[in-house]
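A.B. asks: So I've got this file, my_file_16.txt, and it contains compact mmCIF, C-alpha atoms:
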```txt
# COMPACT_ATOMS: atom_id res chain seq x y z
CA MET X 6 -10.34 -58.55 -31.59
CA LYS X 7 -7.32 -57.33 -33.57
CA ASN X 8 -9.21 -54.16 -34.54
CA PHE X 9 -10.10 -53.49 -30.91
CA LEU X 10 -6.47 -53.94 -29.81
CA LEU X 11 -5.24 -51.72 -32.65
CA LEU X 12 -7.81 -49.04 -31.74
CA ALA X 13 -6.79 -49.17 -28.05
CA ILE X 14 -3.09 -48.75 -28.96
CA ALA X 15 -3.89 -45.82 -31.26
CA ILE X 16 -5.95 -44.06 -28.56
CA THR X 17 -3.23 -44.62 -25.96
CA ALA X 18 -0.56 -43.23 -28.30
CA PHE X 19 -2.70 -40.20 -29.14
CA ILE X 20 -3.39 -39.37 -25.47
CA SER X 21 0.27 -39.81 -24.42
CA CYS X 22 1.50 -37.39 -27.12
CA LYS X 23 0.05 -34.32 -25.43
CA GLU X 24 2.84 -31.72 -25.69
CA THR X 25 2.36 -29.00 -23.06
CA PRO X 26 1.64 -29.83 -19.45
CA ALA X 27 -0.88 -27.62 -17.64
CA SER X 28 1.81 -26.25 -15.29
CA ASP X 29 3.70 -24.71 -18.24
CA GLN X 30 0.53 -22.99 -19.44
CA VAL X 31 -0.10 -21.54 -15.97
CA ALA X 32 3.49 -20.29 -15.65
CA ALA X 33 3.25 -18.55 -19.03
CA GLU X 34 0.33 -16.46 -17.74
CA PHE X 35 2.47 -14.71 -15.10
CA GLU X 36 4.42 -11.56 -15.88
CA THR X 37 8.16 -11.26 -15.21
CA LEU X 38 8.84 -8.04 -13.28
CA GLU X 39 12.16 -6.43 -12.39
CA GLY X 40 12.34 -3.71 -9.77
CA GLU X 41 13.29 -2.77 -6.24
CA PHE X 42 11.43 -4.43 -3.36
CA ILE X 43 10.82 -3.20 0.17
CA TYR X 44 8.71 -4.61 3.00
CA LEU X 45 7.79 -2.60 6.07
CA ALA X 46 5.52 -3.84 8.89
CA ASP X 47 2.20 -3.73 7.01
CA ALA X 48 3.06 -2.89 3.39
CA ALA X 49 5.26 -4.18 0.58
CA VAL X 50 6.12 -2.36 -2.66
CA LEU X 51 7.79 -3.31 -5.94
CA LYS X 52 9.12 -0.24 -7.81
CA GLY X 53 10.36 -0.55 -11.37
CA ASP X 54 11.52 2.02 -13.91
CA THR X 55 7.98 2.61 -15.18
CA PHE X 56 5.73 1.24 -12.43
CA ILE X 57 5.03 1.04 -8.71
CA TYR X 58 2.95 -1.90 -7.48
CA GLY X 59 1.72 -2.85 -4.07
CA VAL X 60 2.59 -6.46 -3.21
CA THR X 61 0.11 -8.97 -1.78
CA LEU X 62 1.12 -9.85 1.79
CA ASP X 63 1.26 -13.63 1.52
CA GLU X 64 3.69 -16.52 2.05
CA LYS X 65 5.77 -15.79 -1.10
CA MET X 66 6.10 -12.10 -0.16
CA HIS X 67 7.31 -13.06 3.33
CA GLU X 68 9.78 -15.51 1.75
CA LEU X 69 11.18 -12.68 -0.40
CA ALA X 70 11.31 -10.34 2.62
CA THR X 71 13.36 -12.95 4.50
CA ILE X 72 15.77 -13.33 1.56
CA ILE X 73 16.39 -9.57 1.17
CA LYS X 74 16.75 -8.82 4.91
CA PRO X 75 20.52 -9.58 5.10
CA LEU X 76 21.14 -7.51 1.93
CA GLN X 77 19.49 -4.34 3.24
CA ARG X 78 21.88 -1.70 4.58
CA ASP X 79 19.03 -0.27 6.67
CA GLU X 80 15.32 -1.01 7.07
CA PHE X 81 14.35 1.45 4.30
CA ASP X 82 16.82 0.13 1.70
CA MET X 83 15.15 -1.23 -1.46
CA VAL X 84 16.67 -4.40 -2.92
CA PRO X 85 16.70 -5.23 -6.68
CA VAL X 86 14.67 -8.36 -7.49
CA ILE X 87 13.24 -10.23 -10.46
CA ILE X 88 9.97 -12.07 -9.87
CA LYS X 89 7.12 -13.71 -11.73
CA GLY X 90 3.79 -12.36 -10.58
CA GLU X 91 0.13 -11.92 -11.28
CA LEU X 92 -1.10 -8.32 -11.68
CA HIS X 93 -4.56 -7.20 -10.64
CA SER X 94 -6.34 -3.99 -9.62
CA LYS X 95 -7.13 -3.28 -5.99
CA ALA X 96 -10.68 -3.91 -4.85
CA ALA X 97 -13.05 -0.93 -4.92
CA GLY X 98 -13.05 0.99 -1.65
CA GLU X 99 -9.71 -0.43 -0.47
CA GLU X 100 -6.75 1.75 0.46
CA GLY X 101 -3.36 1.25 -1.13
CA TRP X 102 -1.79 1.07 -4.56
CA ASP X 103 -4.06 0.93 -7.63
CA GLU X 104 -2.17 -2.06 -9.05
CA ILE X 105 -1.24 -5.08 -6.93
CA VAL X 106 1.17 -7.89 -7.79
CA THR X 107 0.93 -11.33 -6.21
CA ILE X 108 4.36 -13.00 -6.26
CA LYS X 109 4.25 -16.47 -7.80
CA GLU X 110 7.99 -17.15 -8.20
CA ILE X 111 11.20 -15.48 -7.03
CA LEU X 112 13.67 -15.57 -9.93
CA GLU X 113 16.58 -13.45 -8.69
CA VAL X 114 17.65 -11.22 -5.79
CA LYS X 115 20.61 -8.84 -6.14
CA ALA X 116 22.56 -6.78 -3.64
CA PRO X 117 21.63 -3.08 -3.60
CA THR X 118 23.87 -0.86 -5.71
CA GLY X 119 24.99 2.70 -5.18
CA GLU X 120 25.25 4.63 -1.97
CA ALA X 121 23.09 4.04 1.07
CA PRO X 122 20.05 6.33 1.25
CA LEU X 123 20.63 9.78 2.72
CA LYS X 124 18.99 10.16 6.14
CA LEU X 125 17.76 13.54 7.31
CA GLU X 126 16.44 14.53 10.70
CA ALA X 127 14.51 17.64 11.72
CA GLY X 128 16.81 20.66 11.70
CA ASP X 129 19.41 19.14 9.32
CA LYS X 130 20.72 21.33 6.49
CA LEU X 131 21.90 20.19 3.08
CA LYS X 132 25.09 21.60 1.53
CA THR X 133 26.59 20.93 -1.87
CA GLU X 134 30.35 20.58 -1.96
CA GLY X 135 32.18 19.70 -5.15
CA GLY X 136 29.12 18.18 -6.76
CA SER X 137 28.20 15.99 -3.79
CA LEU X 138 25.53 16.45 -1.16
CA LYS X 139 26.50 16.78 2.52
CA VAL X 140 24.29 16.86 5.61
CA GLU X 141 25.03 19.42 8.30
CA SER X 142 23.41 18.41 11.57
CA GLY X 143 21.10 20.98 13.11
CA LYS X 144 21.69 19.61 16.61
```
Would you put the structure from the file into structure tokens?
C.D. replies:
Amino acid sequence: MKNFLLLAIAITAFISCKETPASDQVAAEFETLEGEFIYLADAAVLKGDTFIYGVTLDEKMHELATIIKPLQRDEFDMVPVIIKGELHSKAAGEEGWDEIVTIKEILEVKAPTGEAPLKLEAGDKLKTEGGSLKVESGK
């Protein structure tokens, strides 16, 4: 009886000493990506210094789109973000970006830096003055 009790305690101690939970292993499989995010009606894009990925249109993407909305200066403004995501290739025969990222976690959202994007309309002319770019309306 003592041996059985001792064996049961040893097995319990061995099982309870497992170090890494499964959730940590899953999180380690996702890639951390930093880039500028934009969402327009039916497409979302994450653009980094060395990559451009389409973004899966799912609940997490819509959550990120809601977070960046107040930070955008106009609807075409890209907002700097850091996310954890899962990369995969697009399905054969589908339209869109070759590489797709599915957002798993939103790590950080920053306000856009620099000047607002330059908007041009048909007939506008560009002029350079003192090293800066000016738009001369064609209307």
A.B. asks: What is the CA of Gly59 (chain X) to CA of Asp79 (chain X) distance in Å?
C.D. replies: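 Interatomic distance here is 20.5 Å.
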A.B. asks: Please indicate the distance in Å from CA of Phe42 (chain X) to CA of Gly101 (chain X), rounded to one decimal place.
C.D. replies: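 Between these atoms lies a distance of 16.0 Å.
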A.B. asks: Identify which of the residues X:Thr107, X:Thr133, X:Thr37, X:Ser94 lies closest to Leu69 (chain X), counting only C-alpha atoms when measuring atom-to-atom distances.
C.D. replies: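 Going through X:Thr107, X:Thr133, X:Thr37, X:Ser94 one by one, the smallest distance to Leu69 (chain X) is for X:Thr107.
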A.B. asks: Work out how far apart CA of Ala116 (chain X) and CA of Ala70 (chain X) are and give it in Å to one decimal.
C.D. replies: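 So the two atoms, CA of Ala116 (chain X) and CA of Ala70 (chain X), lie 13.4 Å apart.
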A.B. asks: Might you pull out every residue within 10 Å of region 82-86 of chain X, with all atoms listed in the file counted and same-chain residues fewer than 3 positions away left off, and present them as a PyMOL selection string?
C.D. replies: chain X and resi 38-44+50-53+69-70+73-74+76-79+111-118+121-122
A.B. asks: Could you pull the residues within 8 Å of Thr61 (chain X), counting only C-alpha atoms, minus those fewer than 2 positions along the same chain, as a list in words?
C.D. replies: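 Contacts, in chain order: Ala49, Gly59, Asp63, Met66, Ile105, Val106, Thr107 and Ile108 of chain X.
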A.B. asks: Identify which of the residues X:Lys132, X:Lys109, X:Thr71, X:Lys89 lies closest to Leu45 (chain X), counting all atoms listed in the file when measuring atom-to-atom distances.
C.D. replies: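 Between X:Lys132, X:Lys109, X:Thr71, X:Lys89, the residue approaching Leu45 (chain X) most closely is X:Thr71.
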